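Source file: protein-v1.txt. Holds: compact mmCIF, C-alpha atoms.
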```
# COMPACT_ATOMS: atom_id res chain seq x y z
CA MET A 235 -40.07 -11.52 -77.44
CA PHE A 236 -43.20 -10.14 -79.12
CA ARG A 237 -46.74 -10.51 -77.83
CA LEU A 238 -49.72 -9.52 -79.94
CA ILE A 239 -52.28 -7.94 -77.61
CA LYS A 240 -55.07 -6.82 -79.93
CA LYS A 241 -56.00 -6.83 -83.61
CA SER A 242 -58.33 -4.13 -84.92
CA ALA A 243 -61.72 -5.20 -86.24
CA ILE A 244 -61.83 -2.37 -88.81
CA SER A 245 -58.26 -2.42 -90.17
CA ARG A 246 -55.03 -4.38 -89.88
CA ALA A 247 -53.84 -2.20 -86.98
CA ARG A 248 -52.31 -4.06 -84.04
CA LEU A 249 -51.32 -3.50 -80.43
CA GLY A 250 -48.38 -5.42 -79.05
CA LYS A 251 -45.45 -5.57 -76.67
CA LEU A 252 -41.88 -6.08 -77.83
CA THR A 253 -39.52 -7.25 -75.08
CA THR A 254 -35.80 -6.54 -75.43
CA ALA A 255 -32.84 -6.85 -73.08
CA HIS A 256 -33.49 -3.25 -72.00
CA GLY A 257 -37.22 -3.33 -71.41
CA VAL A 258 -40.68 -3.63 -72.90
CA VAL A 259 -41.64 -1.45 -75.87
CA ARG A 260 -45.32 -0.89 -76.62
CA THR A 261 -46.27 -1.11 -80.30
CA PRO A 262 -46.91 0.68 -82.60
CA PHE A 263 -43.92 2.90 -81.81
CA PHE A 264 -41.64 5.51 -83.36
CA MET A 265 -37.85 5.56 -82.98
CA PRO A 266 -36.06 8.93 -82.80
CA ILE A 267 -32.86 8.90 -84.85
CA ALA A 268 -29.59 8.88 -82.90
CA THR A 269 -27.32 8.66 -85.94
CA ARG A 270 -23.95 8.94 -84.19
CA GLY A 271 -25.09 7.89 -80.73
CA ALA A 272 -27.08 11.05 -80.00
CA VAL A 273 -30.45 12.45 -81.04
CA LYS A 274 -29.45 15.88 -82.30
CA CYS A 275 -30.07 18.66 -79.75
CA LEU A 276 -31.55 16.37 -77.06
CA SER A 277 -30.14 14.54 -74.03
CA PRO A 278 -31.12 10.98 -73.05
CA GLU A 279 -33.01 12.42 -70.05
CA GLU A 280 -35.06 14.66 -72.34
CA LEU A 281 -35.87 11.73 -74.63
CA THR A 282 -37.06 9.72 -71.64
CA GLY A 283 -39.19 12.65 -70.50
CA LEU A 284 -40.83 12.82 -73.93
CA GLY A 285 -41.77 9.16 -73.73
CA ALA A 286 -39.22 7.66 -76.12
CA GLN A 287 -39.11 3.87 -75.62
CA ILE A 288 -36.40 3.04 -78.15
CA ILE A 289 -34.00 4.91 -80.44
CA LEU A 290 -32.23 4.07 -83.70
CA ALA A 291 -28.47 4.39 -84.12
CA ASN A 292 -26.45 4.22 -87.32
CA THR A 293 -24.05 1.29 -87.69
CA TYR A 294 -22.18 2.82 -90.63
CA HIS A 295 -21.33 6.10 -88.89
CA LEU A 296 -20.48 4.52 -85.52
CA PHE A 297 -18.18 2.04 -87.24
CA LEU A 298 -16.25 4.89 -88.87
CA ARG A 299 -16.20 6.97 -85.68
CA PRO A 300 -15.57 6.21 -82.84
CA GLY A 301 -14.90 2.69 -84.18
CA LEU A 302 -14.95 -0.77 -82.66
CA GLU A 303 -11.89 -0.28 -80.44
CA ILE A 304 -13.38 2.69 -78.57
CA MET A 305 -16.79 1.02 -78.43
CA GLY A 306 -15.19 -2.08 -76.94
CA LYS A 307 -13.61 0.00 -74.21
CA ALA A 308 -16.92 1.77 -73.55
CA GLY A 309 -18.65 -1.58 -73.07
CA SER A 310 -21.67 -0.90 -75.27
CA LEU A 311 -23.46 1.90 -77.06
CA HIS A 312 -25.89 2.09 -74.12
CA GLU A 313 -23.05 2.84 -71.71
CA PHE A 314 -21.24 5.11 -74.16
CA MET A 315 -24.22 7.44 -74.66
CA GLY A 316 -25.91 7.05 -71.28
CA TRP A 317 -29.12 5.54 -72.62
CA SER A 318 -30.71 2.75 -70.55
CA LYS A 319 -33.61 1.84 -72.83
CA SER A 320 -33.71 -0.11 -76.08
CA ILE A 321 -31.61 0.60 -79.19
CA LEU A 322 -32.07 -0.62 -82.77
CA THR A 323 -29.07 -0.41 -85.08
CA ASP A 324 -29.34 -0.50 -88.85
CA SER A 325 -26.81 -2.52 -90.82
CA GLY A 326 -25.34 0.30 -92.88
CA GLY A 327 -27.10 -0.85 -96.04
CA TYR A 328 -29.03 2.37 -96.60
CA GLN A 329 -25.96 4.55 -96.01
CA VAL A 330 -24.02 2.50 -98.52
CA PHE A 331 -26.94 2.91 -100.94
CA SER A 332 -26.57 6.68 -100.57
CA LEU A 333 -22.89 6.40 -101.58
CA ALA A 334 -23.86 5.20 -105.06
CA ARG A 335 -21.11 7.15 -106.83
CA THR A 336 -18.26 5.73 -104.80
CA ARG A 337 -19.31 2.24 -103.68
CA LYS A 338 -18.93 -1.11 -105.40
CA ILE A 339 -21.26 -4.03 -104.68
CA ASN A 340 -20.30 -7.64 -105.23
CA GLU A 341 -21.22 -10.98 -103.72
CA GLN A 342 -18.76 -10.55 -100.87
CA GLY A 343 -20.25 -7.23 -99.73
CA VAL A 344 -19.96 -3.50 -100.37
CA GLU A 345 -16.66 -1.72 -100.90
CA PHE A 346 -16.48 2.00 -100.15
CA ARG A 347 -14.07 4.64 -98.92
CA SER A 348 -14.35 6.20 -95.50
CA GLU A 349 -15.72 9.72 -95.60
CA ILE A 350 -13.38 10.52 -92.69
CA ASP A 351 -9.93 9.36 -93.83
CA GLY A 352 -10.48 7.87 -97.30
CA ARG A 353 -9.46 4.33 -96.33
CA LYS A 354 -11.00 1.50 -98.31
CA ILE A 355 -13.54 -0.62 -96.39
CA MET A 356 -15.33 -3.82 -97.36
CA LEU A 357 -18.62 -4.09 -95.48
CA THR A 358 -19.69 -7.72 -95.52
CA PRO A 359 -22.74 -9.32 -93.88
CA GLU A 360 -20.38 -10.83 -91.32
CA LEU A 361 -18.79 -7.46 -90.50
CA ALA A 362 -22.24 -5.86 -90.21
CA MET A 363 -23.07 -8.44 -87.55
CA GLU A 364 -19.73 -7.96 -85.78
CA ILE A 365 -20.21 -4.19 -85.59
CA GLN A 366 -23.72 -4.45 -84.22
CA GLN A 367 -22.74 -7.11 -81.71
CA SER A 368 -19.93 -4.81 -80.55
CA LEU A 369 -22.42 -1.95 -80.18
CA GLY A 370 -24.61 -4.18 -78.04
CA SER A 371 -27.84 -3.04 -79.65
CA ASP A 372 -31.11 -4.72 -78.69
CA ILE A 373 -32.26 -5.13 -82.30
CA MET A 374 -29.83 -5.70 -85.16
CA MET A 375 -30.62 -5.53 -88.87
CA ILE A 376 -29.25 -7.73 -91.63
CA LEU A 377 -27.12 -6.19 -94.36
CA ASP A 378 -29.32 -5.66 -97.41
CA GLU A 379 -29.07 -4.11 -100.85
CA CYS A 380 -31.41 -1.15 -101.17
CA THR A 381 -32.44 0.07 -104.62
CA GLY A 382 -33.61 3.61 -105.27
CA HIS A 383 -36.47 4.85 -107.39
CA PRO A 384 -36.77 4.64 -110.28
CA THR A 385 -34.98 1.36 -110.88
CA ASP A 386 -35.46 -1.28 -113.52
CA TYR A 387 -36.83 -4.76 -112.84
CA ARG A 388 -33.52 -6.52 -113.44
CA LYS A 389 -31.63 -4.43 -110.86
CA ALA A 390 -34.41 -4.84 -108.32
CA ALA A 391 -34.44 -8.61 -108.87
CA LEU A 392 -30.66 -8.86 -108.42
CA ALA A 393 -30.95 -6.85 -105.18
CA VAL A 394 -33.65 -9.19 -103.88
CA ASP A 395 -31.55 -12.27 -104.58
CA ARG A 396 -28.42 -10.77 -103.04
CA THR A 397 -30.34 -9.56 -99.96
CA SER A 398 -31.59 -13.12 -99.40
CA ARG A 399 -28.09 -14.58 -99.69
CA TRP A 400 -26.67 -11.93 -97.37
CA ALA A 401 -29.55 -12.58 -94.92
CA GLU A 402 -28.49 -16.22 -94.64
CA ARG A 403 -24.91 -15.18 -93.93
CA CYS A 404 -26.05 -12.66 -91.29
CA LYS A 405 -28.14 -15.26 -89.52
CA LYS A 406 -25.26 -17.74 -89.58
CA ARG A 407 -22.96 -15.15 -87.94
CA HIS A 408 -25.57 -14.00 -85.41
CA LEU A 409 -24.45 -14.95 -81.91
CA LYS A 410 -27.24 -16.81 -80.16
CA ASN A 411 -26.77 -15.03 -76.85
CA GLY A 412 -30.47 -14.71 -76.15
CA GLU A 413 -30.27 -10.92 -75.91
CA GLN A 414 -29.72 -9.31 -79.31
CA LEU A 415 -32.64 -9.75 -81.70
CA LEU A 416 -32.05 -9.96 -85.45
CA PHE A 417 -34.51 -8.64 -88.05
CA GLY A 418 -34.66 -9.54 -91.73
CA ILE A 419 -35.31 -6.92 -94.44
CA ILE A 420 -37.63 -7.36 -97.42
CA GLN A 421 -36.72 -5.61 -100.66
CA GLY A 422 -38.23 -5.57 -104.17
CA SER A 423 -38.76 -1.89 -105.03
CA VAL A 424 -42.32 -1.31 -106.37
CA PHE A 425 -42.59 -4.67 -108.18
CA PRO A 426 -45.27 -6.84 -106.49
CA ASP A 427 -43.83 -10.19 -107.56
CA LEU A 428 -40.36 -9.25 -106.31
CA ARG A 429 -41.77 -8.06 -102.98
CA LEU A 430 -43.61 -11.35 -102.54
CA LYS A 431 -40.50 -13.33 -103.53
CA SER A 432 -38.37 -11.41 -101.05
CA ALA A 433 -40.96 -11.83 -98.28
CA MET A 434 -41.12 -15.57 -98.90
CA GLU A 435 -37.33 -16.02 -98.91
CA ILE A 436 -36.60 -13.82 -95.88
CA THR A 437 -39.35 -15.34 -93.74
CA ALA A 438 -38.21 -18.84 -94.73
CA ILE A 439 -34.78 -18.07 -93.28
CA GLY A 440 -36.50 -17.01 -90.07
CA PHE A 441 -35.85 -13.89 -88.00
CA ASP A 442 -37.10 -12.27 -84.79
CA GLY A 443 -38.91 -9.59 -86.80
CA TYR A 444 -39.30 -8.33 -90.35
CA ALA A 445 -38.65 -4.95 -91.94
CA ILE A 446 -39.91 -3.53 -95.20
CA GLY A 447 -37.00 -1.64 -96.76
CA GLY A 448 -36.44 0.23 -99.99
CA LEU A 449 -39.48 2.52 -99.70
CA ALA A 450 -39.56 6.29 -99.08
CA VAL A 451 -36.80 6.57 -101.71
CA GLY A 452 -38.75 8.61 -104.26
CA GLU A 453 -41.62 6.34 -105.30
CA PRO A 454 -45.23 7.65 -105.39
CA ILE A 455 -46.84 7.22 -101.99
CA LYS A 456 -49.73 5.16 -103.41
CA LYS A 457 -47.26 2.62 -104.73
CA ALA A 458 -45.54 2.54 -101.35
CA TYR A 459 -48.85 1.83 -99.60
CA ARG A 460 -49.56 -0.94 -102.10
CA MET A 461 -46.21 -2.60 -101.34
CA ILE A 462 -46.76 -2.27 -97.58
CA GLU A 463 -50.22 -3.81 -97.81
CA LEU A 464 -48.98 -6.63 -100.02
CA VAL A 465 -45.99 -7.55 -97.84
CA ALA A 466 -47.59 -7.07 -94.40
CA GLY A 467 -50.32 -9.51 -95.37
CA LYS A 468 -47.69 -12.24 -95.88
CA LEU A 469 -45.79 -11.79 -92.61
CA ASP A 470 -46.13 -13.83 -89.44
CA GLN A 471 -48.65 -12.05 -87.20
CA ASN A 472 -46.63 -13.08 -84.16
CA LYS A 473 -43.53 -11.17 -85.26
CA PRO A 474 -43.07 -7.36 -85.22
CA ARG A 475 -43.25 -5.52 -88.55
CA TYR A 476 -40.98 -2.55 -89.21
CA LEU A 477 -41.36 0.04 -91.98
CA MET A 478 -37.95 1.60 -92.50
CA GLY A 479 -37.49 5.34 -93.02
CA MET A 480 -41.10 6.51 -93.45
CA GLY A 481 -42.53 9.06 -92.73
CA LYS A 482 -44.89 11.90 -92.39
CA PRO A 483 -47.59 11.77 -89.68
CA GLU A 484 -50.40 10.76 -92.04
CA GLN A 485 -48.16 8.10 -93.63
CA ILE A 486 -47.52 6.55 -90.22
CA VAL A 487 -51.25 6.43 -89.50
CA GLN A 488 -51.94 4.76 -92.85
CA ALA A 489 -49.12 2.25 -92.39
CA VAL A 490 -50.44 1.34 -88.93
CA LYS A 491 -53.80 0.62 -90.57
CA LEU A 492 -51.94 -1.70 -92.94
CA GLY A 493 -50.41 -3.67 -90.08
CA ILE A 494 -47.06 -1.97 -89.32
CA ASP A 495 -45.72 -1.85 -85.74
CA MET A 496 -42.40 0.03 -85.93
CA PHE A 497 -41.28 3.30 -87.51
CA ASP A 498 -38.25 5.56 -87.77
CA CYS A 499 -37.63 8.75 -89.71
CA VAL A 500 -35.39 11.82 -89.68
CA ILE A 501 -38.34 14.10 -90.50
CA PRO A 502 -39.26 15.41 -87.02
CA THR A 503 -35.73 16.37 -85.95
CA ARG A 504 -34.37 17.40 -89.36
CA ASN A 505 -37.34 19.62 -90.09
CA ALA A 506 -37.22 21.05 -86.57
CA ARG A 507 -33.68 22.30 -87.15
CA HIS A 508 -34.99 24.20 -90.20
CA GLY A 509 -37.92 25.76 -88.35
CA LEU A 510 -40.74 23.49 -89.47
CA LEU A 511 -43.03 22.42 -86.61
CA TYR A 512 -45.81 19.85 -86.50
CA VAL A 513 -48.84 21.21 -84.67
CA ASN A 514 -52.09 19.50 -83.76
CA LYS A 515 -55.20 21.15 -85.16
CA LYS A 516 -57.62 22.50 -82.58
CA ASN A 517 -61.41 22.31 -82.85
CA ARG A 518 -61.40 19.97 -85.83
CA LYS A 519 -64.86 19.21 -87.23
CA SER A 520 -64.15 15.50 -87.62
CA LYS A 521 -64.89 13.42 -84.54
CA ALA A 522 -62.53 10.67 -85.68
CA GLU A 523 -59.01 11.10 -84.35
CA PHE A 524 -57.18 10.85 -87.67
CA ASP A 525 -59.77 11.67 -90.34
CA GLY A 526 -58.74 14.42 -92.71
CA ALA A 527 -55.94 16.84 -91.81
CA PHE A 528 -55.32 16.28 -88.11
CA TYR A 529 -52.20 18.47 -87.98
CA GLN A 530 -50.62 21.44 -89.69
CA GLU A 531 -47.06 22.39 -90.60
CA LEU A 532 -45.97 25.63 -88.99
CA HIS A 533 -42.99 27.40 -90.59
CA ILE A 534 -41.89 29.33 -87.53
CA THR A 535 -39.37 31.51 -89.38
CA ASN A 536 -42.24 33.19 -91.25
CA ALA A 537 -42.71 36.89 -90.40
CA ARG A 538 -46.35 36.26 -89.49
CA TYR A 539 -45.20 34.78 -86.15
CA ARG A 540 -43.22 37.86 -85.12
CA ASN A 541 -46.06 39.04 -82.86
CA ASP A 542 -47.66 35.66 -82.14
CA PHE A 543 -47.40 35.06 -78.40
CA ARG A 544 -49.39 31.85 -78.35
CA PRO A 545 -47.62 28.60 -77.35
CA LEU A 546 -45.93 26.70 -80.17
CA ASP A 547 -48.75 24.15 -79.97
CA GLU A 548 -51.70 24.89 -77.68
CA THR A 549 -52.51 21.17 -77.40
CA CYS A 550 -48.96 20.11 -76.40
CA SER A 551 -47.59 19.97 -72.87
CA CYS A 552 -43.89 19.54 -73.69
CA PHE A 553 -41.28 21.83 -72.12
CA ALA A 554 -41.01 23.99 -75.25
CA CYS A 555 -44.77 24.54 -75.53
CA ARG A 556 -45.29 25.16 -71.80
CA ASN A 557 -42.66 27.85 -71.56
CA PHE A 558 -42.17 29.65 -74.87
CA SER A 559 -44.16 31.49 -77.50
CA ARG A 560 -44.09 31.33 -81.27
CA ALA A 561 -42.74 34.89 -81.31
CA TYR A 562 -39.83 33.89 -79.09
CA LEU A 563 -38.95 30.81 -81.14
CA ARG A 564 -39.06 32.86 -84.33
CA HIS A 565 -36.74 35.40 -82.65
CA LEU A 566 -34.28 32.61 -81.79
CA PHE A 567 -34.26 31.30 -85.36
CA ALA A 568 -33.86 34.80 -86.77
CA ASN A 569 -30.74 35.24 -84.63
CA ASN A 570 -29.34 31.74 -85.24
CA GLU A 571 -29.51 30.90 -81.55
CA PRO A 572 -28.81 27.17 -80.91
CA LEU A 573 -31.71 27.11 -78.46
CA SER A 574 -34.07 27.48 -81.43
CA GLN A 575 -33.15 24.04 -82.77
CA ARG A 576 -33.36 22.46 -79.31
CA LEU A 577 -36.85 23.77 -78.58
CA ALA A 578 -38.15 22.91 -82.05
CA SER A 579 -36.68 19.39 -81.81
CA ILE A 580 -38.21 18.85 -78.38
CA HIS A 581 -41.64 19.82 -79.68
CA ASN A 582 -41.51 17.81 -82.92
CA LEU A 583 -40.47 14.66 -81.08
CA ALA A 584 -43.19 15.33 -78.50
CA PHE A 585 -45.65 15.54 -81.41
CA TYR A 586 -44.45 12.27 -83.00
CA LEU A 587 -44.25 10.32 -79.77
CA GLY A 588 -47.62 11.75 -78.74
CA LEU A 589 -49.02 10.69 -82.11
CA MET A 590 -47.96 7.09 -81.42
CA GLU A 591 -49.59 7.21 -77.98
CA LYS A 592 -52.83 8.46 -79.58
CA ILE A 593 -52.62 5.72 -82.19
CA ARG A 594 -52.25 3.05 -79.51
CA GLY A 595 -55.19 4.51 -77.59
CA THR A 596 -57.35 4.65 -80.72
CA ILE A 597 -56.60 1.01 -81.58
CA LYS A 598 -57.40 0.02 -77.99
CA SER A 599 -60.76 1.80 -78.18
CA GLY A 600 -61.59 0.08 -81.48
CA LYS A 601 -61.64 3.27 -83.57
CA LEU A 602 -58.62 2.61 -85.80
```

Re-express the file's structure as structure tokens.
Amino acid sequence: MFRLIKKSAISRARLGKLTTAHGVVRTPFFMPIATRGAVKCLSPEELTGLGAQIILANTYHLFLRPGLEIMGKAGSLHEFMGWSKSILTDSGGYQVFSLARTRKINEQGVEFRSEIDGRKIMLTPELAMEIQQSLGSDIMMILDECTGHPTDYRKAALAVDRTSRWAERCKKRHLKNGEQLLFGIIQGSVFPDLRLKSAMEITAIGFDGYAIGGLAVGEPIKKAYRMIELVAGKLDQNKPRYLMGMGKPEQIVQAVKLGIDMFDCVIPTRNARHGLLYVNKKNRKSKAEFDGAFYQELHITNARYRNDFRPLDETCSCFACRNFSRAYLRHLFANNEPLSQRLASIHNLAFYLGLMEKIRGTIKSGKL
């Protein structure tokens, strides 16, 4: 399922291959977010052209709409959305966390009301497995309890204990069909002893891979790095390691150095829709690929780009950068043309997926 190919001699960075029912995924990798079965503004063909190996879909939203009945008729999420490569589905835990005002957590699961029709739903570990099995995703996630930041020690400790109990129930319900992989999630907020406790309990249960959850929720980035370093050092080197929901380009690079293999984040596509582009810096003084500021944020709606006829990113060969200027993209945003969001999303995902390719190449050459 996962083969470790190379370990860096100068950091904890790793190269590997993750094999799923829908192909081989080279690690480290980034997953574009297909919340409701689609990456906003892009088609599956465009994602493939950009080099996407795997995408992430949202269990919570797909359960509410279209629902299990429609998904059953479709056959699988792959068939429903026309995507032939790998899919990871989250368990809905983070979405439930975001519904703090309206949800109730108990030992059975999480009770909440549908944002679509107001009906009351009890999401249990068993139901989380049933939904993901119905979706036919390649990688499923356990149902966990995510705490925000700040949180007190007692609440974080209760969440760790409940996540471990729910993890056991998820594994018990997991159908051993040899195709769908199941990952455990490690919680513990920014408390080192709780993170270590969670890592010990989740790995003792045994899963196909391990995720670090509950970060990128408001904590200082230095504390997040400390938790990543602490937990990654305790995980089986022959299992993939997934950092959930983070992050910015430099955060991904740092996390790779700490031993992380898998990433997802809404940043590239969400920011693209608001006119923020990620652009590689040209003629950087540093010879090292990722030393210092290796990219810049370009706010394309700024008036300074009105007469800028350079490509969006002169180092990028994606469709948007090959064919359109900064002046044109600014014009599209100024007139609320839908094409503006499409072109910006294409470029930002090209940047992120290209970043991962550079990272893999730099690990291979021994420079990261």

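The shortest atom-to-atom distance to A:Val330, with all atoms listed in the file taken into account, belongs to A:Phe346 out of A:Tyr476, A:Tyr459, A:Phe558, A:Phe346.
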
One decimal, in Å: what's the spacing between atom CA of A:Ala578 and atom CA of A:Ser559? 11.4 Å

Restricting the calculation to only C-alpha atoms, which member of A:Cys550, A:Ala393, A:Met461, A:Leu249 is positioned closest to A:Leu589? A:Cys550

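Distance-wise, atom CA of A:Phe524 and atom CA of A:Ser423 end up 28.3 Å apart.
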
Of A:Val344, A:Ile244, A:Ala506, A:Ile420, the one nearest to A:Leu477 when counting all atoms listed in the file is A:Ile420

Could you list, as a PyMOL selection string, every residue within 10 Å of A:Gly422, counting all atoms listed in the file and ignoring same-chain residues fewer than 2 positions away? chain A and resi 379-381+387+389-395+397+420+424-433+446-449+461

Keeping C-alpha atoms for every residue in the selection just given, could you write it to a file as a short mmCIF file (atom, residue, chain, number, x, y, z; two decimals), keeping the file's coordinate frame?
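What follows is the written file result29.cif:
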```
data_model
loop_
_atom_site.label_atom_id
_atom_site.label_comp_id
_atom_site.auth_asym_id
_atom_site.auth_seq_id
_atom_site.Cartn_x
_atom_site.Cartn_y
_atom_site.Cartn_z
CA GLU A 379 -29.07 -4.11 -100.85
CA CYS A 380 -31.41 -1.15 -101.17
CA THR A 381 -32.44 0.07 -104.62
CA TYR A 387 -36.83 -4.76 -112.84
CA LYS A 389 -31.63 -4.43 -110.86
CA ALA A 390 -34.41 -4.84 -108.32
CA ALA A 391 -34.44 -8.61 -108.87
CA LEU A 392 -30.66 -8.86 -108.42
CA ALA A 393 -30.95 -6.85 -105.18
CA VAL A 394 -33.65 -9.19 -103.88
CA ASP A 395 -31.55 -12.27 -104.58
CA THR A 397 -30.34 -9.56 -99.96
CA ILE A 420 -37.63 -7.36 -97.42
CA VAL A 424 -42.32 -1.31 -106.37
CA PHE A 425 -42.59 -4.67 -108.18
CA PRO A 426 -45.27 -6.84 -106.49
CA ASP A 427 -43.83 -10.19 -107.56
CA LEU A 428 -40.36 -9.25 -106.31
CA ARG A 429 -41.77 -8.06 -102.98
CA LEU A 430 -43.61 -11.35 -102.54
CA LYS A 431 -40.50 -13.33 -103.53
CA SER A 432 -38.37 -11.41 -101.05
CA ALA A 433 -40.96 -11.83 -98.28
CA ILE A 446 -39.91 -3.53 -95.20
CA GLY A 447 -37.00 -1.64 -96.76
CA GLY A 448 -36.44 0.23 -99.99
CA LEU A 449 -39.48 2.52 -99.70
CA MET A 461 -46.21 -2.60 -101.34
#
```

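The environment of A:Lys338 within 12 Å, counting all atoms listed in the file and disregarding residues fewer than 5 places along the same chain, consists of Val330, Phe331, Ser332, Leu333, Gly343, Val344, Glu345, Phe346, Arg347, Lys354, Ile355, Met356, Leu357, Thr358 and Glu379 of chain A.
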
Could you write out as JSON the box around stretch 370-381 of chain A (axis-aligned, all atoms listed in the file, 3 Å on each side), with centre and edge lengths in Å to one decimal?
```
{"center_x": -28.5, "center_y": -3.8, "center_z": -91.3, "size_x": 13.8, "size_y": 13.8, "size_z": 32.6}
```
